[in-house]
Amino acid sequence: MSRFYVTTPIYYVNDVPHLGTSYTTVAADALRRYHRLRGDVTRMLTGTDEHGLKLEREARERGIPTADFVREMSDRFEAAWPKLEVEPDDFIRTTQPRHEARVQWLWEEIRRRHPEDLYLGAYEGWYCVPCEELKTEKELEPGNVCPIHKRPVERIKEESYFFRLSGYGQALLDHYAKHPEFVLPESRRNEVVSFVESGLRDLSVSRTSFRWGIPVPEDPKHVIWVWFDALPNYWTALQEREDTKPFWDGDGAVVHLVGKDILRFHAVYWPAILMSAGLRLPTTVFAHGFLTFNGQKMSKTLRNAVDPIGMARAFGDATRAGEAGGADVLRYQLLRGIAFGQDGDFDLAAMVERYNADLGKNLGNLLSRVLGLCSKMTEGKVPAIDAGATTPLETGLAEAAARHLDAARSSWSRLEPHRALEETLALCTAANVYVDRAAPWAEAKKGGPKRVETILGTLLSVLEAVSVMIWPVLPSRSDEMRRQLGLAPVAPRAGVDQWPSGLRTRAPGEALAPALPLFPMLDADTGQKLIGALTPQAARPEQGEDASRPEAPAASPPPVAPAAPAPIDYEAFSAVDLRVGVVRACERVPKKDKLLRLSVDLGEASPRTIIAGLALSFSPEAIVGRKVVVVANLAPRDFGKGLVSHGMVLATGPSDHLTLATVDGDVPPGARLK
Ligand code: MSP
């Protein structure tokens with residue numbers, strides 16, 4: 001058992017919670033849930049950053065006392081996170097006395113230990129108010145414009161305290177070299193190392209030009225610069241109570257999740273401040289990438305328009321999963337759709353497709369299929385697994401489960417939630433393939449109840465493992481899944497590692513609940529309505545406008561569906577011979593990136609060869625065993641070099657996100673669709 005402490009940045013209260021800030025917060029919550037499952041003693045902190053000139057000015061412009069303004073805004077953050085199934089242990093505000101007093105203590109401690117580290121000087125230079133940072137001429141764009149905020153910086157001249165950052169360059173470089181896990185991902189570490197190697201300037205860490213901040217001890221006409229005030233929140237929040245102090249002082253992990261925009265503050269300035277104060281350094285600063293929304297940069301207008309809570313609600317309504325279930329779906333989309341550490345696009349159409357493919361067809365379908373079979377064949381109870389009725393199919397599935405469980409666990413440990421989810425879905429695919437191959441309905445006809453029970457018992461064990469694997473990201477759907485499986489919700493306990501290493505055999509006779517769709521499929525119409533409802537005005541390009549312009553005004557909703565082809569009569573339709581096929585074998589076509597060569601069982605004397613453009617979306621292993629819909633009477637198509645395709649497999653979506661058309665129920669290969 002170890003301690004695990006994870007933090008999000010504290011968010012500025014001049015904004016409302018948006019998709020970007022939700023991304024970091026949801027990731028932190030999921031990561032901490034994973035650690036709870038592992039039996040770690042965990043703590044998660046988030047909060048708000050409430051000092052600085054920017055907020056003082058904004059409150060004045062609104063005619064509200066600054067303290068009231070920041071409280072109101074902070075409340076919105078605190079109220080938002082639980083709606084996304086985020087459960088922080090603490091919410092810190094930089095205007096709280098518990099924080100202010102300790103930032104002053106830190107200042108004094110630095111002066112006591114290293115008097116030369118904080119010295120009074122004079123500063124004249126360029127200051128960007130939104131960045132709350134001084135800029136060198138070199139950093140500015142022509143016209144003295146801040147490269148980040150694209151607005152002119154202000155010339156300021158004032159007395160200021162400086163932090164002797166320049167004295168910490170070597171110590172920081174040594175730390176990065178000794179602790180390669182300190183800055184992640186690796187590409188970001190290289191950036192940080194080059195920045196430090198290029199030479200560090202001392203930091204101006206106090207202001208006399210405004211009052212909304214923490215006074216410098218013994219020189220209160222100065223207030224402490226916002227970053228020197230904000231960064232310590234991770235430490236100050238733990239200092240009030242004896243039982244929380246060990247999260248910093250002990251040898252457990254301290255992980256800061258931040259967006260790449262604020263990596264330098266966390267990976268350079270913060271450790272230098274901690275070194276100067278003689279405090280321990282965090283274990284890891286992980287910088288994730290930035291989200292765009294439907295391909296557009298998240299300008300402030302767009303950010304405000306894309307409301308994550310409304311989005312979770314809309315997902316919940318469309319999938320009939322309620323608010324918590326909708327939050328789960330949003331969490332899944334954020335953590336599965338974007339590789340953690342890289343920039344990514346939150347594309348609504350891709351989200352709907354991913355929902356249907358991963359959650360609806362794969363995971364959800366597996367659950368309802370297995371529960372449906374159990375209700376028919378085992379009286380809705382957990383059956384006994386009989387060692388004598390076990391075949392290599394079960395051994396294969398159990399081995400695959402152990403492999404995927406292990407790979408998902410190491411993905412979480414490497415802070416790769418997208419991969420952990422990929423492994424989880426791969427296990428569902430393996431189980432779906434297994435159902436087709438083991439064919440319990442056929443075994444029932446052969447009259448072997450032991451074999452049927454062994455198959456269904458094995459599948460229930462897989463579903464139990466999956467319900468644990470999804471819990472960090474989909475906590476409320478995991479509860480519902482377990483309810484249907486007749487299991488209590490996941491209940492993490494400190495000191496008990498509950499991440500399964502393989503399949504658990506359940507006690508026979510335990511009752512199962514009737515299947516209710518866990519992730520009902522979104523049909524084309526509902527999907528389009530959802531996309532329409534979630535596309536804010538600010539994200540809708542005007543016809544003929546450049547869609548990448550961040551704040552293009554809305555004229556008309558985006559095109560929702562391609563124009564339907566001209567009608568055909570029944571005769572024309574019935575000339576198409578659509579058949580159910582089962583893929584028996586599959587391989588890549590050498591030198592053809594997009595093509596797979598499939599061997600498809602259509603109930604004929606021998607399987608057909610079909611060449612299909614599926615390779616950007618599926619690996620050969622992922623497709624073997626799948627049930628597909630085939631146009632069986634399509635004239636053979638010659639791809640050259642002896643490659644002839646005898647039919648076509650139906651699928652939908654962009655070529656790198658294809659979803660296969662398939663049929664519901666237990667239909668034999670060769671069945672005709674009409
Ligand atoms: N107050 C500082 C942080 C102080 S931490 C000691 C701050 N606040 S912020 O409100 O601007 O939040 C910045 C953080 O919001 C980013 O680091 C990132 O975590 C998140 N994001 C904001 N926009 C984002 C995207 N478009 N995409 C992903 N994350 C984004 O900086």
# chains A, B, ... in the order shown; residues from 1 in each chain; ligands from 1
>>> residues_around(residues="Ala439 in chain A", least_positions_apart="6", cutoff="10 Å", atoms="only C-alpha atoms", output="number ranges by chain")
A: 433, 452, 455, 666
>>> residues_near_ligand(ligand="ligand 1", cutoff="9 Å", atoms="only C-alpha atoms and all ligand atoms", output="VMD selection string")
chain A and resid 8 to 25 48 to 50 131 226 to 234 257 to 263 265 to 266 270 287 to 293 297 to 299 303 343 to 344
>>> residues_around(residues="range 593-609 of chain A", least_positions_apart="6", cutoff="10 Å", atoms="only C-alpha atoms", output="number ranges by chain")
A: 579-587, 615-620, 623-630, 632, 643-649, 655-656, 668-672
>>> select_by_dssp(residues="range 158-365 of chain A", states="helix (DSSP H, G or I)", output="number ranges by chain")
A: 165-178, 186-197, 226-230, 233-236, 246-249, 260-277, 300-305, 308-318, 322-337, 348-365
>>> residues_around(residues="Pro449 in chain A", least_positions_apart="5", cutoff="12 Å", atoms="only C-alpha atoms", output="NGL selection string")
:A and (377-378 or 383-386 or 389 or 440-444 or 454-457)
>>> atom_distance(atom1="CA of Gly486 in chain A", atom2="CA of Ala420 in chain A")
25.1 Å
>>> closest_residue(among="A:Ala491, A:Met275, A:Val473, A:Ala387", to="Lys450 in chain A", atoms="only C-alpha atoms")
A:Ala387
>>> select_by_dssp(residues="range 114-272 of chain A", states="strand (DSSP E)", output="number ranges by chain")
A: 118-128, 133-135, 154-163, 183-184, 203-204, 206-207, 223-224, 253-259
>>> write_last_selection(atoms="C-alpha atoms", output="PDB file, in the first residue's frame")
ATOM      1  CA  LEU A 118      14.625  36.674  -2.209  1.00  0.00           C
ATOM      2  CA  TYR A 119      16.056  40.138  -2.808  1.00  0.00           C
ATOM      3  CA  LEU A 120      14.609  43.586  -3.446  1.00  0.00           C
ATOM      4  CA  GLY A 121      15.315  45.066  -6.855  1.00  0.00           C
ATOM      5  CA  ALA A 122      13.680  47.277  -9.405  1.00  0.00           C
ATOM      6  CA  TYR A 123      11.931  46.151 -12.467  1.00  0.00           C
ATOM      7  CA  GLU A 124      11.104  48.004 -15.603  1.00  0.00           C
ATOM      8  CA  GLY A 125       9.646  46.080 -18.443  1.00  0.00           C
ATOM      9  CA  TRP A 126       6.740  44.599 -20.283  1.00  0.00           C
ATOM     10  CA  TYR A 127       3.933  42.915 -18.419  1.00  0.00           C
ATOM     11  CA  CYS A 128       1.146  40.786 -19.865  1.00  0.00           C
ATOM     12  CA  GLU A 133       3.988  37.551 -16.273  1.00  0.00           C
ATOM     13  CA  LEU A 134       6.810  39.857 -17.261  1.00  0.00           C
ATOM     14  CA  LYS A 135       7.983  39.417 -20.846  1.00  0.00           C
ATOM     15  CA  GLU A 154       1.839  47.008 -20.615  1.00  0.00           C
ATOM     16  CA  ARG A 155       4.999  48.911 -19.742  1.00  0.00           C
ATOM     17  CA  ILE A 156       5.506  48.801 -16.000  1.00  0.00           C
ATOM     18  CA  LYS A 157       8.165  50.151 -13.730  1.00  0.00           C
ATOM     19  CA  GLU A 158       8.194  49.181 -10.113  1.00  0.00           C
ATOM     20  CA  GLU A 159      10.147  48.009  -7.140  1.00  0.00           C
ATOM     21  CA  SER A 160       9.965  44.253  -6.879  1.00  0.00           C
ATOM     22  CA  TYR A 161      11.288  41.317  -4.943  1.00  0.00           C
ATOM     23  CA  PHE A 162      13.127  38.771  -7.057  1.00  0.00           C
ATOM     24  CA  PHE A 163      13.525  35.047  -6.586  1.00  0.00           C
ATOM     25  CA  VAL A 183       8.547  15.579 -16.278  1.00  0.00           C
ATOM     26  CA  LEU A 184       6.301  13.467 -18.479  1.00  0.00           C
ATOM     27  CA  LEU A 203      11.901  35.898 -11.319  1.00  0.00           C
ATOM     28  CA  SER A 204      10.143  39.055 -10.239  1.00  0.00           C
ATOM     29  CA  SER A 206       6.080  40.767  -5.984  1.00  0.00           C
ATOM     30  CA  ARG A 207       3.990  43.713  -7.161  1.00  0.00           C
ATOM     31  CA  VAL A 223       1.809  41.627  -2.755  1.00  0.00           C
ATOM     32  CA  ILE A 224       3.171  38.223  -3.762  1.00  0.00           C
ATOM     33  CA  ALA A 253       3.701   9.673  -5.147  1.00  0.00           C
ATOM     34  CA  VAL A 254       2.810  13.336  -5.738  1.00  0.00           C
ATOM     35  CA  VAL A 255       1.518  13.841  -9.275  1.00  0.00           C
ATOM     36  CA  HIS A 256       0.633  17.219 -10.759  1.00  0.00           C
ATOM     37  CA  LEU A 257      -1.500  17.046 -13.906  1.00  0.00           C
ATOM     38  CA  VAL A 258      -1.272  20.254 -15.926  1.00  0.00           C
ATOM     39  CA  GLY A 259      -1.919  21.454 -19.442  1.00  0.00           C
TER      40      GLY A 259
END
>>> residues_around(residues="Gly316 in chain A", least_positions_apart="4", cutoff="12 Å", atoms="only C-alpha atoms", output="count of residues only")
25
>>> closest_residue(among="A:Ala339, A:Val382, A:Ala612, A:Val70", to="Leu415 in chain A", atoms="only C-alpha atoms")
A:Ala339
>>> atom_distance(atom1="CA of Ala277 in chain A", atom2="CA of Tyr176 in chain A")
18.8 Å
>>> closest_residue(among="A:Val26, A:Gly39, A:Leu405, A:Ser187", to="Arg493 in chain A", atoms="only C-alpha atoms")
A:Gly39
>>> decode(residues="range 279-293 of chain A", atoms="all heavy atoms", output="PDB file, in the first residue's frame")
ATOM      1  N   LEU A 279      11.831  21.830   0.933  1.00  0.00           N
ATOM      2  CA  LEU A 279      10.707  20.883   0.923  1.00  0.00           C
ATOM      3  C   LEU A 279      10.891  19.853  -0.181  1.00  0.00           C
ATOM      4  O   LEU A 279      11.615  20.091  -1.153  1.00  0.00           O
ATOM      5  CB  LEU A 279       9.390  21.632   0.708  1.00  0.00           C
ATOM      6  CG  LEU A 279       8.982  22.579   1.839  1.00  0.00           C
ATOM      7  CD1 LEU A 279       7.754  23.388   1.438  1.00  0.00           C
ATOM      8  CD2 LEU A 279       8.692  21.794   3.117  1.00  0.00           C
ATOM      9  N   ARG A 280      10.194  18.758  -0.019  1.00  0.00           N
ATOM     10  CA  ARG A 280      10.307  17.674  -0.996  1.00  0.00           C
ATOM     11  C   ARG A 280       9.708  18.098  -2.352  1.00  0.00           C
ATOM     12  O   ARG A 280       8.816  18.947  -2.408  1.00  0.00           O
ATOM     13  CB  ARG A 280       9.599  16.453  -0.411  1.00  0.00           C
ATOM     14  CG  ARG A 280       8.647  15.902  -1.319  1.00  0.00           C
ATOM     15  CD  ARG A 280       7.812  14.797  -0.990  1.00  0.00           C
ATOM     16  NE  ARG A 280       7.590  14.197  -2.314  1.00  0.00           N
ATOM     17  CZ  ARG A 280       6.933  13.093  -2.528  1.00  0.00           C
ATOM     18  NH1 ARG A 280       6.446  12.419  -1.540  1.00  0.00           N
ATOM     19  NH2 ARG A 280       6.771  12.643  -3.745  1.00  0.00           N
ATOM     20  N   LEU A 281      10.196  17.490  -3.418  1.00  0.00           N
ATOM     21  CA  LEU A 281       9.709  17.805  -4.762  1.00  0.00           C
ATOM     22  C   LEU A 281       8.627  16.805  -5.173  1.00  0.00           C
ATOM     23  O   LEU A 281       8.642  15.667  -4.707  1.00  0.00           O
ATOM     24  CB  LEU A 281      10.867  17.718  -5.774  1.00  0.00           C
ATOM     25  CG  LEU A 281      11.613  19.025  -6.060  1.00  0.00           C
ATOM     26  CD1 LEU A 281      12.028  19.733  -4.800  1.00  0.00           C
ATOM     27  CD2 LEU A 281      12.822  18.764  -6.949  1.00  0.00           C
ATOM     28  N   PRO A 282       7.697  17.220  -6.044  1.00  0.00           N
ATOM     29  CA  PRO A 282       6.710  16.240  -6.518  1.00  0.00           C
ATOM     30  C   PRO A 282       7.389  15.107  -7.278  1.00  0.00           C
ATOM     31  O   PRO A 282       8.531  15.249  -7.733  1.00  0.00           O
ATOM     32  CB  PRO A 282       5.829  17.047  -7.467  1.00  0.00           C
ATOM     33  CG  PRO A 282       6.421  18.385  -7.596  1.00  0.00           C
ATOM     34  CD  PRO A 282       7.527  18.539  -6.617  1.00  0.00           C
ATOM     35  N   THR A 283       6.663  14.000  -7.424  1.00  0.00           N
ATOM     36  CA  THR A 283       7.225  12.863  -8.154  1.00  0.00           C
ATOM     37  C   THR A 283       7.176  13.151  -9.655  1.00  0.00           C
ATOM     38  O   THR A 283       8.147  12.919 -10.367  1.00  0.00           O
ATOM     39  CB  THR A 283       6.364  11.599  -7.897  1.00  0.00           C
ATOM     40  OG1 THR A 283       6.020  11.565  -6.519  1.00  0.00           O
ATOM     41  CG2 THR A 283       7.090  10.344  -8.304  1.00  0.00           C
ATOM     42  N   THR A 284       6.024  13.629 -10.107  1.00  0.00           N
ATOM     43  CA  THR A 284       5.821  13.791 -11.549  1.00  0.00           C
ATOM     44  C   THR A 284       4.970  15.015 -11.851  1.00  0.00           C
ATOM     45  O   THR A 284       3.965  15.255 -11.189  1.00  0.00           O
ATOM     46  CB  THR A 284       5.089  12.544 -12.113  1.00  0.00           C
ATOM     47  OG1 THR A 284       5.934  11.414 -11.950  1.00  0.00           O
ATOM     48  CG2 THR A 284       4.758  12.701 -13.596  1.00  0.00           C
ATOM     49  N   VAL A 285       5.411  15.750 -12.864  1.00  0.00           N
ATOM     50  CA  VAL A 285       4.557  16.779 -13.447  1.00  0.00           C
ATOM     51  C   VAL A 285       4.209  16.245 -14.828  1.00  0.00           C
ATOM     52  O   VAL A 285       5.098  16.058 -15.665  1.00  0.00           O
ATOM     53  CB  VAL A 285       5.288  18.123 -13.581  1.00  0.00           C
ATOM     54  CG1 VAL A 285       4.389  19.145 -14.259  1.00  0.00           C
ATOM     55  CG2 VAL A 285       5.761  18.625 -12.227  1.00  0.00           C
ATOM     56  N   PHE A 286       2.947  15.938 -15.039  1.00  0.00           N
ATOM     57  CA  PHE A 286       2.547  15.381 -16.336  1.00  0.00           C
ATOM     58  C   PHE A 286       1.807  16.460 -17.119  1.00  0.00           C
ATOM     59  O   PHE A 286       0.795  16.988 -16.655  1.00  0.00           O
ATOM     60  CB  PHE A 286       1.634  14.159 -16.148  1.00  0.00           C
ATOM     61  CG  PHE A 286       1.306  13.488 -17.455  1.00  0.00           C
ATOM     62  CD1 PHE A 286       2.019  12.365 -17.868  1.00  0.00           C
ATOM     63  CD2 PHE A 286       0.317  13.989 -18.294  1.00  0.00           C
ATOM     64  CE1 PHE A 286       1.739  11.759 -19.093  1.00  0.00           C
ATOM     65  CE2 PHE A 286       0.033  13.399 -19.521  1.00  0.00           C
ATOM     66  CZ  PHE A 286       0.751  12.274 -19.917  1.00  0.00           C
ATOM     67  N   ALA A 287       2.315  16.791 -18.307  1.00  0.00           N
ATOM     68  CA  ALA A 287       1.662  17.822 -19.130  1.00  0.00           C
ATOM     69  C   ALA A 287       0.856  17.153 -20.226  1.00  0.00           C
ATOM     70  O   ALA A 287       1.406  16.446 -21.069  1.00  0.00           O
ATOM     71  CB  ALA A 287       2.701  18.740 -19.737  1.00  0.00           C
ATOM     72  N   HIS A 288      -0.469  17.369 -20.185  1.00  0.00           N
ATOM     73  CA  HIS A 288      -1.282  16.821 -21.267  1.00  0.00           C
ATOM     74  C   HIS A 288      -1.404  17.857 -22.375  1.00  0.00           C
ATOM     75  O   HIS A 288      -1.038  19.023 -22.219  1.00  0.00           O
ATOM     76  CB  HIS A 288      -2.642  16.373 -20.748  1.00  0.00           C
ATOM     77  CG  HIS A 288      -3.489  17.485 -20.211  1.00  0.00           C
ATOM     78  ND1 HIS A 288      -4.027  18.458 -21.016  1.00  0.00           N
ATOM     79  CD2 HIS A 288      -3.880  17.782 -18.944  1.00  0.00           C
ATOM     80  CE1 HIS A 288      -4.725  19.289 -20.278  1.00  0.00           C
ATOM     81  NE2 HIS A 288      -4.642  18.921 -19.011  1.00  0.00           N
ATOM     82  N   GLY A 289      -1.963  17.413 -23.496  1.00  0.00           N
ATOM     83  CA  GLY A 289      -2.064  18.298 -24.651  1.00  0.00           C
ATOM     84  C   GLY A 289      -3.292  19.182 -24.581  1.00  0.00           C
ATOM     85  O   GLY A 289      -4.017  19.190 -23.578  1.00  0.00           O
ATOM     86  N   PHE A 290      -3.519  19.927 -25.625  1.00  0.00           N
ATOM     87  CA  PHE A 290      -4.655  20.838 -25.671  1.00  0.00           C
ATOM     88  C   PHE A 290      -5.753  20.300 -26.564  1.00  0.00           C
ATOM     89  O   PHE A 290      -5.484  19.689 -27.601  1.00  0.00           O
ATOM     90  CB  PHE A 290      -4.186  22.220 -26.130  1.00  0.00           C
ATOM     91  CG  PHE A 290      -4.174  23.169 -24.964  1.00  0.00           C
ATOM     92  CD1 PHE A 290      -3.566  22.800 -23.777  1.00  0.00           C
ATOM     93  CD2 PHE A 290      -4.796  24.412 -25.042  1.00  0.00           C
ATOM     94  CE1 PHE A 290      -3.590  23.642 -22.674  1.00  0.00           C
ATOM     95  CE2 PHE A 290      -4.821  25.261 -23.945  1.00  0.00           C
ATOM     96  CZ  PHE A 290      -4.223  24.879 -22.761  1.00  0.00           C
ATOM     97  N   LEU A 291      -6.990  20.549 -26.172  1.00  0.00           N
ATOM     98  CA  LEU A 291      -8.135  20.094 -26.943  1.00  0.00           C
ATOM     99  C   LEU A 291      -8.586  21.175 -27.910  1.00  0.00           C
ATOM    100  O   LEU A 291      -8.638  22.346 -27.538  1.00  0.00           O
ATOM    101  CB  LEU A 291      -9.339  19.842 -26.036  1.00  0.00           C
ATOM    102  CG  LEU A 291      -9.247  18.844 -24.906  1.00  0.00           C
ATOM    103  CD1 LEU A 291     -10.628  18.601 -24.339  1.00  0.00           C
ATOM    104  CD2 LEU A 291      -8.678  17.561 -25.425  1.00  0.00           C
ATOM    105  N   THR A 292      -8.937  20.743 -29.096  1.00  0.00           N
ATOM    106  CA  THR A 292      -9.712  21.612 -29.971  1.00  0.00           C
ATOM    107  C   THR A 292     -11.115  21.018 -29.988  1.00  0.00           C
ATOM    108  O   THR A 292     -11.314  19.867 -29.577  1.00  0.00           O
ATOM    109  CB  THR A 292      -9.144  21.632 -31.401  1.00  0.00           C
ATOM    110  OG1 THR A 292      -8.920  20.288 -31.815  1.00  0.00           O
ATOM    111  CG2 THR A 292      -7.841  22.407 -31.460  1.00  0.00           C
ATOM    112  N   PHE A 293     -12.089  21.811 -30.430  1.00  0.00           N
ATOM    113  CA  PHE A 293     -13.463  21.327 -30.432  1.00  0.00           C
ATOM    114  C   PHE A 293     -13.953  21.336 -31.867  1.00  0.00           C
ATOM    115  O   PHE A 293     -13.959  22.386 -32.506  1.00  0.00           O
ATOM    116  CB  PHE A 293     -14.329  22.238 -29.560  1.00  0.00           C
ATOM    117  CG  PHE A 293     -15.768  21.816 -29.503  1.00  0.00           C
ATOM    118  CD1 PHE A 293     -16.166  20.780 -28.668  1.00  0.00           C
ATOM    119  CD2 PHE A 293     -16.718  22.434 -30.290  1.00  0.00           C
ATOM    120  CE1 PHE A 293     -17.492  20.387 -28.613  1.00  0.00           C
ATOM    121  CE2 PHE A 293     -18.045  22.043 -30.240  1.00  0.00           C
ATOM    122  CZ  PHE A 293     -18.428  21.017 -29.400  1.00  0.00           C
TER     123      PHE A 293
END
